[in-house]
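Engineer: Structure supplied as model_38.cif; contents: mmCIF, N, CA and C atoms.
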```cif
data_target
#
loop_
_atom_site.group_PDB
_atom_site.id
_atom_site.type_symbol
_atom_site.label_atom_id
_atom_site.label_comp_id
_atom_site.auth_asym_id
_atom_site.auth_seq_id
_atom_site.Cartn_x
_atom_site.Cartn_y
_atom_site.Cartn_z
ATOM 1 N N MET A 26 0.819 -1.181 0.000
ATOM 2 C CA MET A 26 0.000 0.000 0.000
ATOM 3 C C MET A 26 0.872 1.257 0.000
ATOM 4 N N GLU A 27 1.972 1.194 0.701
ATOM 5 C CA GLU A 27 2.886 2.338 0.759
ATOM 6 C C GLU A 27 3.484 2.629 -0.621
ATOM 7 N N ASP A 28 3.803 1.570 -1.353
ATOM 8 C CA ASP A 28 4.353 1.753 -2.701
ATOM 9 C C ASP A 28 3.338 2.415 -3.635
ATOM 10 N N LEU A 29 2.094 1.998 -3.541
ATOM 11 C CA LEU A 29 1.049 2.580 -4.365
ATOM 12 C C LEU A 29 0.856 4.059 -4.023
ATOM 13 N N ALA A 30 0.895 4.382 -2.765
ATOM 14 C CA ALA A 30 0.773 5.781 -2.346
ATOM 15 C C ALA A 30 1.923 6.609 -2.909
ATOM 16 N N HIS A 31 3.118 6.039 -2.899
ATOM 17 C CA HIS A 31 4.280 6.736 -3.453
ATOM 18 C C HIS A 31 4.088 7.014 -4.943
ATOM 19 N N LEU A 32 3.577 6.037 -5.686
ATOM 20 C CA LEU A 32 3.334 6.231 -7.118
ATOM 21 C C LEU A 32 2.246 7.265 -7.369
ATOM 22 N N GLU A 33 1.229 7.271 -6.542
ATOM 23 C CA GLU A 33 0.172 8.267 -6.696
ATOM 24 C C GLU A 33 0.697 9.675 -6.433
ATOM 25 N N GLU A 34 1.647 9.797 -5.520
ATOM 26 C CA GLU A 34 2.237 11.102 -5.201
ATOM 27 C C GLU A 34 3.261 11.529 -6.251
ATOM 28 N N ASN A 35 3.804 10.572 -6.985
ATOM 29 C CA ASN A 35 4.857 10.840 -7.968
ATOM 30 C C ASN A 35 4.542 10.146 -9.297
ATOM 31 N N PRO A 36 3.486 10.563 -9.996
ATOM 32 C CA PRO A 36 3.078 9.862 -11.218
ATOM 33 C C PRO A 36 4.103 9.956 -12.342
ATOM 34 N N ASN A 37 4.977 10.928 -12.294
ATOM 35 C CA ASN A 37 5.978 11.058 -13.358
ATOM 36 C C ASN A 37 6.997 9.926 -13.350
ATOM 37 N N ILE A 38 7.091 9.190 -12.259
ATOM 38 C CA ILE A 38 8.011 8.047 -12.217
ATOM 39 C C ILE A 38 7.639 7.058 -13.311
ATOM 40 N N ILE A 39 6.376 6.749 -13.438
ATOM 41 C CA ILE A 39 5.926 5.806 -14.469
ATOM 42 C C ILE A 39 6.059 6.441 -15.844
ATOM 43 N N ARG A 40 5.650 7.675 -15.966
ATOM 44 C CA ARG A 40 5.706 8.374 -17.262
ATOM 45 C C ARG A 40 7.128 8.416 -17.804
ATOM 46 N N PHE A 41 8.068 8.857 -16.975
ATOM 47 C CA PHE A 41 9.435 8.985 -17.446
ATOM 48 C C PHE A 41 10.116 7.636 -17.629
ATOM 49 N N SER A 42 9.761 6.654 -16.826
ATOM 50 C CA SER A 42 10.306 5.298 -17.027
ATOM 51 C C SER A 42 9.888 4.760 -18.386
ATOM 52 N N ALA A 43 8.621 4.942 -18.729
ATOM 53 C CA ALA A 43 8.133 4.484 -20.032
ATOM 54 C C ALA A 43 8.821 5.232 -21.161
ATOM 55 N N MET A 44 9.021 6.538 -20.983
ATOM 56 C CA MET A 44 9.679 7.332 -22.018
ATOM 57 C C MET A 44 11.127 6.883 -22.222
ATOM 58 N N ILE A 45 11.828 6.616 -21.134
ATOM 59 C CA ILE A 45 13.221 6.158 -21.221
ATOM 60 C C ILE A 45 13.289 4.846 -21.995
ATOM 61 N N LEU A 46 12.409 3.923 -21.676
ATOM 62 C CA LEU A 46 12.408 2.631 -22.378
ATOM 63 C C LEU A 46 12.048 2.797 -23.851
ATOM 64 N N ARG A 47 11.075 3.662 -24.160
ATOM 65 C CA ARG A 47 10.666 3.889 -25.544
ATOM 66 C C ARG A 47 11.805 4.492 -26.356
ATOM 67 N N LEU A 48 12.488 5.501 -25.808
ATOM 68 C CA LEU A 48 13.596 6.137 -26.521
ATOM 69 C C LEU A 48 14.757 5.168 -26.720
ATOM 70 N N ALA A 49 15.058 4.377 -25.701
ATOM 71 C CA ALA A 49 16.138 3.391 -25.818
ATOM 72 C C ALA A 49 15.799 2.355 -26.882
ATOM 73 N N ASN A 50 14.552 1.912 -26.911
ATOM 74 C CA ASN A 50 14.127 0.949 -27.923
ATOM 75 C C ASN A 50 14.250 1.542 -29.318
ATOM 76 N N ASP A 51 13.837 2.790 -29.474
ATOM 77 C CA ASP A 51 13.922 3.439 -30.781
ATOM 78 C C ASP A 51 15.369 3.557 -31.249
ATOM 79 N N LEU A 52 16.275 3.866 -30.334
ATOM 80 C CA LEU A 52 17.689 3.961 -30.711
ATOM 81 C C LEU A 52 18.220 2.621 -31.207
ATOM 82 N N GLY A 53 17.790 1.544 -30.566
ATOM 83 C CA GLY A 53 18.304 0.225 -30.909
ATOM 84 C C GLY A 53 17.642 -0.447 -32.096
ATOM 85 N N THR A 54 16.408 -0.083 -32.404
ATOM 86 C CA THR A 54 15.672 -0.825 -33.431
ATOM 87 C C THR A 54 15.254 0.007 -34.642
ATOM 88 N N TYR A 55 15.580 1.292 -34.638
ATOM 89 C CA TYR A 55 15.095 2.186 -35.686
ATOM 90 C C TYR A 55 15.421 1.683 -37.088
ATOM 91 N N LYS A 56 16.673 1.382 -37.348
ATOM 92 C CA LYS A 56 17.094 1.038 -38.710
ATOM 93 C C LYS A 56 16.355 -0.195 -39.239
ATOM 94 N N ARG A 57 16.323 -1.255 -38.454
ATOM 95 C CA ARG A 57 15.677 -2.491 -38.898
ATOM 96 C C ARG A 57 14.174 -2.284 -39.085
ATOM 97 N N GLU A 58 13.540 -1.641 -38.123
ATOM 98 C CA GLU A 58 12.095 -1.459 -38.218
ATOM 99 C C GLU A 58 11.717 -0.473 -39.320
ATOM 100 N N ASN A 59 12.576 0.488 -39.600
ATOM 101 C CA ASN A 59 12.315 1.429 -40.693
ATOM 102 C C ASN A 59 12.378 0.705 -42.037
ATOM 103 N N GLU A 60 13.311 -0.232 -42.166
ATOM 104 C CA GLU A 60 13.446 -0.995 -43.401
ATOM 105 C C GLU A 60 12.243 -1.900 -43.646
ATOM 106 N N THR A 61 11.615 -2.375 -42.585
ATOM 107 C CA THR A 61 10.468 -3.282 -42.746
ATOM 108 C C THR A 61 9.140 -2.532 -42.824
ATOM 109 N N GLY A 62 9.199 -1.195 -42.722
ATOM 110 C CA GLY A 62 7.985 -0.404 -42.852
ATOM 111 C C GLY A 62 7.159 -0.333 -41.579
ATOM 112 N N ASP A 63 7.793 -0.566 -40.452
ATOM 113 C CA ASP A 63 7.094 -0.474 -39.166
ATOM 114 C C ASP A 63 6.646 0.965 -38.911
ATOM 115 N N ILE A 64 5.864 1.179 -37.887
ATOM 116 C CA ILE A 64 5.362 2.519 -37.572
ATOM 117 C C ILE A 64 6.521 3.484 -37.319
ATOM 118 N N PRO A 65 6.316 4.771 -37.548
ATOM 119 C CA PRO A 65 7.385 5.748 -37.330
ATOM 120 C C PRO A 65 7.872 5.752 -35.881
ATOM 121 N N LYS A 66 9.137 5.882 -35.726
ATOM 122 C CA LYS A 66 9.775 5.940 -34.412
ATOM 123 C C LYS A 66 10.078 7.392 -34.083
ATOM 124 N N SER A 67 10.512 7.629 -32.854
ATOM 125 C CA SER A 67 10.812 9.001 -32.432
ATOM 126 C C SER A 67 11.874 9.630 -33.331
ATOM 127 N N ILE A 68 12.803 8.830 -33.808
ATOM 128 C CA ILE A 68 13.860 9.347 -34.680
ATOM 129 C C ILE A 68 13.262 9.853 -35.992
ATOM 130 N N GLN A 69 12.422 9.046 -36.595
ATOM 131 C CA GLN A 69 11.787 9.440 -37.855
ATOM 132 C C GLN A 69 10.853 10.629 -37.649
ATOM 133 N N CYS A 70 10.130 10.648 -36.552
ATOM 134 C CA CYS A 70 9.235 11.780 -36.261
ATOM 135 C C CYS A 70 10.041 13.064 -36.128
ATOM 136 N N TYR A 71 11.173 12.994 -35.437
ATOM 137 C CA TYR A 71 12.010 14.184 -35.281
ATOM 138 C C TYR A 71 12.546 14.642 -36.637
ATOM 139 N N MET A 72 12.942 13.701 -37.489
ATOM 140 C CA MET A 72 13.427 14.049 -38.818
ATOM 141 C C MET A 72 12.335 14.767 -39.607
ATOM 142 N N ASN A 73 11.117 14.254 -39.547
ATOM 143 C CA ASN A 73 10.002 14.860 -40.281
ATOM 144 C C ASN A 73 9.660 16.246 -39.744
ATOM 145 N N GLU A 74 9.681 16.405 -38.429
ATOM 146 C CA GLU A 74 9.295 17.674 -37.811
ATOM 147 C C GLU A 74 10.352 18.756 -37.943
ATOM 148 N N SER A 75 11.626 18.372 -37.887
ATOM 149 C CA SER A 75 12.692 19.374 -37.829
ATOM 150 C C SER A 75 13.494 19.512 -39.121
ATOM 151 N N GLY A 76 13.379 18.526 -39.994
ATOM 152 C CA GLY A 76 14.196 18.542 -41.204
ATOM 153 C C GLY A 76 15.605 18.021 -40.969
ATOM 154 N N ALA A 77 15.840 17.439 -39.792
ATOM 155 C CA ALA A 77 17.165 16.904 -39.458
ATOM 156 C C ALA A 77 17.448 15.651 -40.284
ATOM 157 N N ASN A 78 18.733 15.369 -40.458
ATOM 158 C CA ASN A 78 19.096 14.113 -41.115
ATOM 159 C C ASN A 78 19.118 12.997 -40.069
ATOM 160 N N GLU A 79 19.388 11.778 -40.487
ATOM 161 C CA GLU A 79 19.318 10.631 -39.583
ATOM 162 C C GLU A 79 20.330 10.723 -38.442
ATOM 163 N N VAL A 80 21.530 11.163 -38.736
ATOM 164 C CA VAL A 80 22.568 11.294 -37.696
ATOM 165 C C VAL A 80 22.145 12.325 -36.654
ATOM 166 N N GLU A 81 21.670 13.476 -37.117
ATOM 167 C CA GLU A 81 21.215 14.521 -36.191
ATOM 168 C C GLU A 81 20.042 14.033 -35.340
ATOM 169 N N ALA A 82 19.145 13.294 -35.953
ATOM 170 C CA ALA A 82 17.980 12.778 -35.221
ATOM 171 C C ALA A 82 18.399 11.764 -34.163
ATOM 172 N N HIS A 83 19.382 10.905 -34.494
ATOM 173 C CA HIS A 83 19.907 9.957 -33.503
ATOM 174 C C HIS A 83 20.544 10.703 -32.343
ATOM 175 N N GLU A 84 21.322 11.737 -32.652
ATOM 176 C CA GLU A 84 21.963 12.531 -31.602
ATOM 177 C C GLU A 84 20.914 13.198 -30.718
ATOM 178 N N HIS A 85 19.888 13.760 -31.340
ATOM 179 C CA HIS A 85 18.816 14.410 -30.576
ATOM 180 C C HIS A 85 18.117 13.396 -29.674
ATOM 181 N N ASN A 86 17.819 12.221 -30.210
ATOM 182 C CA ASN A 86 17.156 11.180 -29.427
ATOM 183 C C ASN A 86 18.022 10.803 -28.226
ATOM 184 N N GLY A 87 19.325 10.705 -28.428
ATOM 185 C CA GLY A 87 20.235 10.384 -27.328
ATOM 186 C C GLY A 87 20.239 11.458 -26.257
ATOM 187 N N ILE A 88 20.203 12.722 -26.680
ATOM 188 C CA ILE A 88 20.176 13.836 -25.728
ATOM 189 C C ILE A 88 18.875 13.812 -24.928
ATOM 190 N N VAL A 89 17.766 13.606 -25.606
ATOM 191 C CA VAL A 89 16.469 13.540 -24.915
ATOM 192 C C VAL A 89 16.455 12.355 -23.954
ATOM 193 N N HIS A 90 17.021 11.233 -24.382
ATOM 194 C CA HIS A 90 17.079 10.039 -23.540
ATOM 195 C C HIS A 90 17.857 10.318 -22.259
ATOM 196 N N VAL A 91 19.019 10.918 -22.378
ATOM 197 C CA VAL A 91 19.842 11.237 -21.199
ATOM 198 C C VAL A 91 19.136 12.257 -20.316
ATOM 199 N N SER A 92 18.551 13.276 -20.917
ATOM 200 C CA SER A 92 17.833 14.293 -20.138
ATOM 201 C C SER A 92 16.666 13.673 -19.383
ATOM 202 N N THR A 93 15.957 12.773 -20.024
ATOM 203 C CA THR A 93 14.820 12.117 -19.385
ATOM 204 C C THR A 93 15.306 11.213 -18.259
ATOM 205 N N TRP A 94 16.429 10.559 -18.462
ATOM 206 C CA TRP A 94 17.001 9.680 -17.445
ATOM 207 C C TRP A 94 17.381 10.482 -16.203
ATOM 208 N N ARG A 95 17.880 11.701 -16.390
ATOM 209 C CA ARG A 95 18.292 12.538 -15.261
ATOM 210 C C ARG A 95 17.116 13.117 -14.502
ATOM 211 N N TRP A 96 15.967 13.309 -15.166
ATOM 212 C CA TRP A 96 14.863 14.039 -14.562
ATOM 213 C C TRP A 96 14.466 13.547 -13.173
ATOM 214 N N PRO A 97 14.256 12.238 -12.972
ATOM 215 C CA PRO A 97 13.804 11.820 -11.634
ATOM 216 C C PRO A 97 14.806 12.163 -10.531
ATOM 217 N N TYR A 98 16.076 12.277 -10.900
ATOM 218 C CA TYR A 98 17.110 12.543 -9.905
ATOM 219 C C TYR A 98 17.388 14.032 -9.745
ATOM 220 N N HIS A 99 17.151 14.788 -10.806
ATOM 221 C CA HIS A 99 17.392 16.236 -10.815
ATOM 222 C C HIS A 99 16.240 16.930 -11.513
ATOM 223 N N PRO A 100 15.046 16.968 -10.920
ATOM 224 C CA PRO A 100 13.873 17.478 -11.620
ATOM 225 C C PRO A 100 13.952 18.933 -12.053
ATOM 226 N N ARG A 101 14.832 19.704 -11.516
ATOM 227 C CA ARG A 101 14.904 21.102 -11.883
ATOM 228 C C ARG A 101 16.021 21.400 -12.880
ATOM 229 N N SER A 102 16.790 20.406 -13.296
ATOM 230 C CA SER A 102 17.895 20.671 -14.230
ATOM 231 C C SER A 102 17.521 20.318 -15.647
#
```
Kindly transcribe the structure held in the file into structure tokens.
Structural biologist:
Amino acid sequence: MEDLAHLEENPNIIRFSAMILRLANDLGTYKRENETGDIPKSIQCYMNESGANEVEAHEHNGIVHVSTWRWPYHPRS
């Protein structure tokens, strides 16, 4: 019960955990899944939205991944 109360008080723990896993998965599987015509990944979405090339989009995804990883430990940075 105490754990559930903690999650209710800190809902971003689940949100950011899911985001970290999603970004990590996209970094690891983007190329193969893009070749098979799978749904757009965060990398492809960033390329479409910003006009970035694939290398820039990978770098951006990595930066967002690291920033998201830091958030629970340093929420104000």
Engineer: Distance atom N of Glu81 in chain A-atom C of Gly53 in chain A, one decimal place?
Structural biologist: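 One can read the atom N of Glu81 in chain A to atom C of Gly53 in chain A distance as 15.3 Å.
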Engineer: CA of Ala49 in chain A and CA of Ile64 in chain A are how many Å apart?
Structural biologist: 16.0 Å
Engineer: What is the CA of Glu84 in chain A-atom N of Asp51 in chain A distance in Å, reported with one decimal?
Structural biologist: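 Between CA of Glu84 in chain A and atom N of Asp51 in chain A the gap works out to 12.9 Å.
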Engineer: Pick out each residue of chain A that DSSP on the backbone tags as helix (DSSP H, G or I); I need them as a PyMOL selection string.
Structural biologist: chain A and resi 27-34+37-60+67-75+79-95
Engineer: I'd like the neighbourhood of range 41-47 of chain A as a PDB file with N, CA and C atoms, in the frame of the given file, where a residue qualifies if any of its atoms comes within 10 Å (using only C-alpha atoms), though same-chain residues fewer than 2 positions away should be ignored.
Structural biologist:
```
ATOM      1  N   PRO A  36       3.486  10.563  -9.996  1.00  0.00           N
ATOM      2  CA  PRO A  36       3.078   9.862 -11.218  1.00  0.00           C
ATOM      3  C   PRO A  36       4.103   9.956 -12.342  1.00  0.00           C
ATOM      4  N   ASN A  37       4.977  10.928 -12.294  1.00  0.00           N
ATOM      5  CA  ASN A  37       5.978  11.058 -13.358  1.00  0.00           C
ATOM      6  C   ASN A  37       6.997   9.926 -13.350  1.00  0.00           C
ATOM      7  N   ILE A  38       7.091   9.190 -12.259  1.00  0.00           N
ATOM      8  CA  ILE A  38       8.011   8.047 -12.217  1.00  0.00           C
ATOM      9  C   ILE A  38       7.639   7.058 -13.311  1.00  0.00           C
ATOM     10  N   ILE A  39       6.376   6.749 -13.438  1.00  0.00           N
ATOM     11  CA  ILE A  39       5.926   5.806 -14.469  1.00  0.00           C
ATOM     12  C   ILE A  39       6.059   6.441 -15.844  1.00  0.00           C
ATOM     13  N   ALA A  49      15.058   4.377 -25.701  1.00  0.00           N
ATOM     14  CA  ALA A  49      16.138   3.391 -25.818  1.00  0.00           C
ATOM     15  C   ALA A  49      15.799   2.355 -26.882  1.00  0.00           C
ATOM     16  N   ASN A  50      14.552   1.912 -26.911  1.00  0.00           N
ATOM     17  CA  ASN A  50      14.127   0.949 -27.923  1.00  0.00           C
ATOM     18  C   ASN A  50      14.250   1.542 -29.318  1.00  0.00           C
ATOM     19  N   ASP A  51      13.837   2.790 -29.474  1.00  0.00           N
ATOM     20  CA  ASP A  51      13.922   3.439 -30.781  1.00  0.00           C
ATOM     21  C   ASP A  51      15.369   3.557 -31.249  1.00  0.00           C
ATOM     22  N   LEU A  52      16.275   3.866 -30.334  1.00  0.00           N
ATOM     23  CA  LEU A  52      17.689   3.961 -30.711  1.00  0.00           C
ATOM     24  C   LEU A  52      18.220   2.621 -31.207  1.00  0.00           C
ATOM     25  N   LYS A  66       9.137   5.882 -35.726  1.00  0.00           N
ATOM     26  CA  LYS A  66       9.775   5.940 -34.412  1.00  0.00           C
ATOM     27  C   LYS A  66      10.078   7.392 -34.083  1.00  0.00           C
ATOM     28  N   SER A  67      10.512   7.629 -32.854  1.00  0.00           N
ATOM     29  CA  SER A  67      10.812   9.001 -32.432  1.00  0.00           C
ATOM     30  C   SER A  67      11.874   9.630 -33.331  1.00  0.00           C
ATOM     31  N   VAL A  89      17.766  13.606 -25.606  1.00  0.00           N
ATOM     32  CA  VAL A  89      16.469  13.540 -24.915  1.00  0.00           C
ATOM     33  C   VAL A  89      16.455  12.355 -23.954  1.00  0.00           C
ATOM     34  N   HIS A  90      17.021  11.233 -24.382  1.00  0.00           N
ATOM     35  CA  HIS A  90      17.079  10.039 -23.540  1.00  0.00           C
ATOM     36  C   HIS A  90      17.857  10.318 -22.259  1.00  0.00           C
ATOM     37  N   VAL A  91      19.019  10.918 -22.378  1.00  0.00           N
ATOM     38  CA  VAL A  91      19.842  11.237 -21.199  1.00  0.00           C
ATOM     39  C   VAL A  91      19.136  12.257 -20.316  1.00  0.00           C
ATOM     40  N   SER A  92      18.551  13.276 -20.917  1.00  0.00           N
ATOM     41  CA  SER A  92      17.833  14.293 -20.138  1.00  0.00           C
ATOM     42  C   SER A  92      16.666  13.673 -19.383  1.00  0.00           C
ATOM     43  N   THR A  93      15.957  12.773 -20.024  1.00  0.00           N
ATOM     44  CA  THR A  93      14.820  12.117 -19.385  1.00  0.00           C
ATOM     45  C   THR A  93      15.306  11.213 -18.259  1.00  0.00           C
ATOM     46  N   TRP A  94      16.429  10.559 -18.462  1.00  0.00           N
ATOM     47  CA  TRP A  94      17.001   9.680 -17.445  1.00  0.00           C
ATOM     48  C   TRP A  94      17.381  10.482 -16.203  1.00  0.00           C
ATOM     49  N   ARG A  95      17.880  11.701 -16.390  1.00  0.00           N
ATOM     50  CA  ARG A  95      18.292  12.538 -15.261  1.00  0.00           C
ATOM     51  C   ARG A  95      17.116  13.117 -14.502  1.00  0.00           C
ATOM     52  N   TRP A  96      15.967  13.309 -15.166  1.00  0.00           N
ATOM     53  CA  TRP A  96      14.863  14.039 -14.562  1.00  0.00           C
ATOM     54  C   TRP A  96      14.466  13.547 -13.173  1.00  0.00           C
ATOM     55  N   PRO A  97      14.256  12.238 -12.972  1.00  0.00           N
ATOM     56  CA  PRO A  97      13.804  11.820 -11.634  1.00  0.00           C
ATOM     57  C   PRO A  97      14.806  12.163 -10.531  1.00  0.00           C
TER      58      PRO A  97
END
```
Engineer: What are the centre and edge lengths in Å, to one decimal, of the axis-aligned box around all listed atoms of range 61-70 of chain A with 5 Å added on each side, as JSON?
Structural biologist:
```
{"center_x": 9.6, "center_y": 4.9, "center_z": -37.6, "size_x": 18.5, "size_y": 26.3, "size_z": 20.4}
```
Engineer: Excluding Ala82 in chain A and any residue of its chain fewer than 4 positions from it, enumerate the residues within 6 Å of it, using all atoms listed in the file, and give them as an MDAnalysis selection string.
Structural biologist: chainID A and resid 68 71:72 77:78 86:87
Engineer: Let me make sure I understand: among A:His83, A:Ser75, A:Ile88, A:Asp28, which one has the smallest atom-to-atom distance to Lys56 in chain A if we use only C-alpha atoms?
Structural biologist: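 Ranked by minimum distance to Lys56 in chain A, first place goes to A:His83.
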Engineer: Please provide as a compact mmCIF listing (two decimals) with N, CA and C atoms, keeping the file's coordinate frame all residues within 9 Å of Pro65 in chain A, with the sequence filter that same-chain residues fewer than 6 positions apart are discarded (counting only C-alpha atoms).
Structural biologist:
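Result file follows (result-v3.txt):
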```txt
# COMPACT_ATOMS: atom_id res chain seq x y z
N TYR A 55 15.58 1.29 -34.64
CA TYR A 55 15.10 2.19 -35.69
C TYR A 55 15.42 1.68 -37.09
N GLU A 58 13.54 -1.64 -38.12
CA GLU A 58 12.10 -1.46 -38.22
C GLU A 58 11.72 -0.47 -39.32
N ASN A 59 12.58 0.49 -39.60
CA ASN A 59 12.32 1.43 -40.69
C ASN A 59 12.38 0.70 -42.04
```
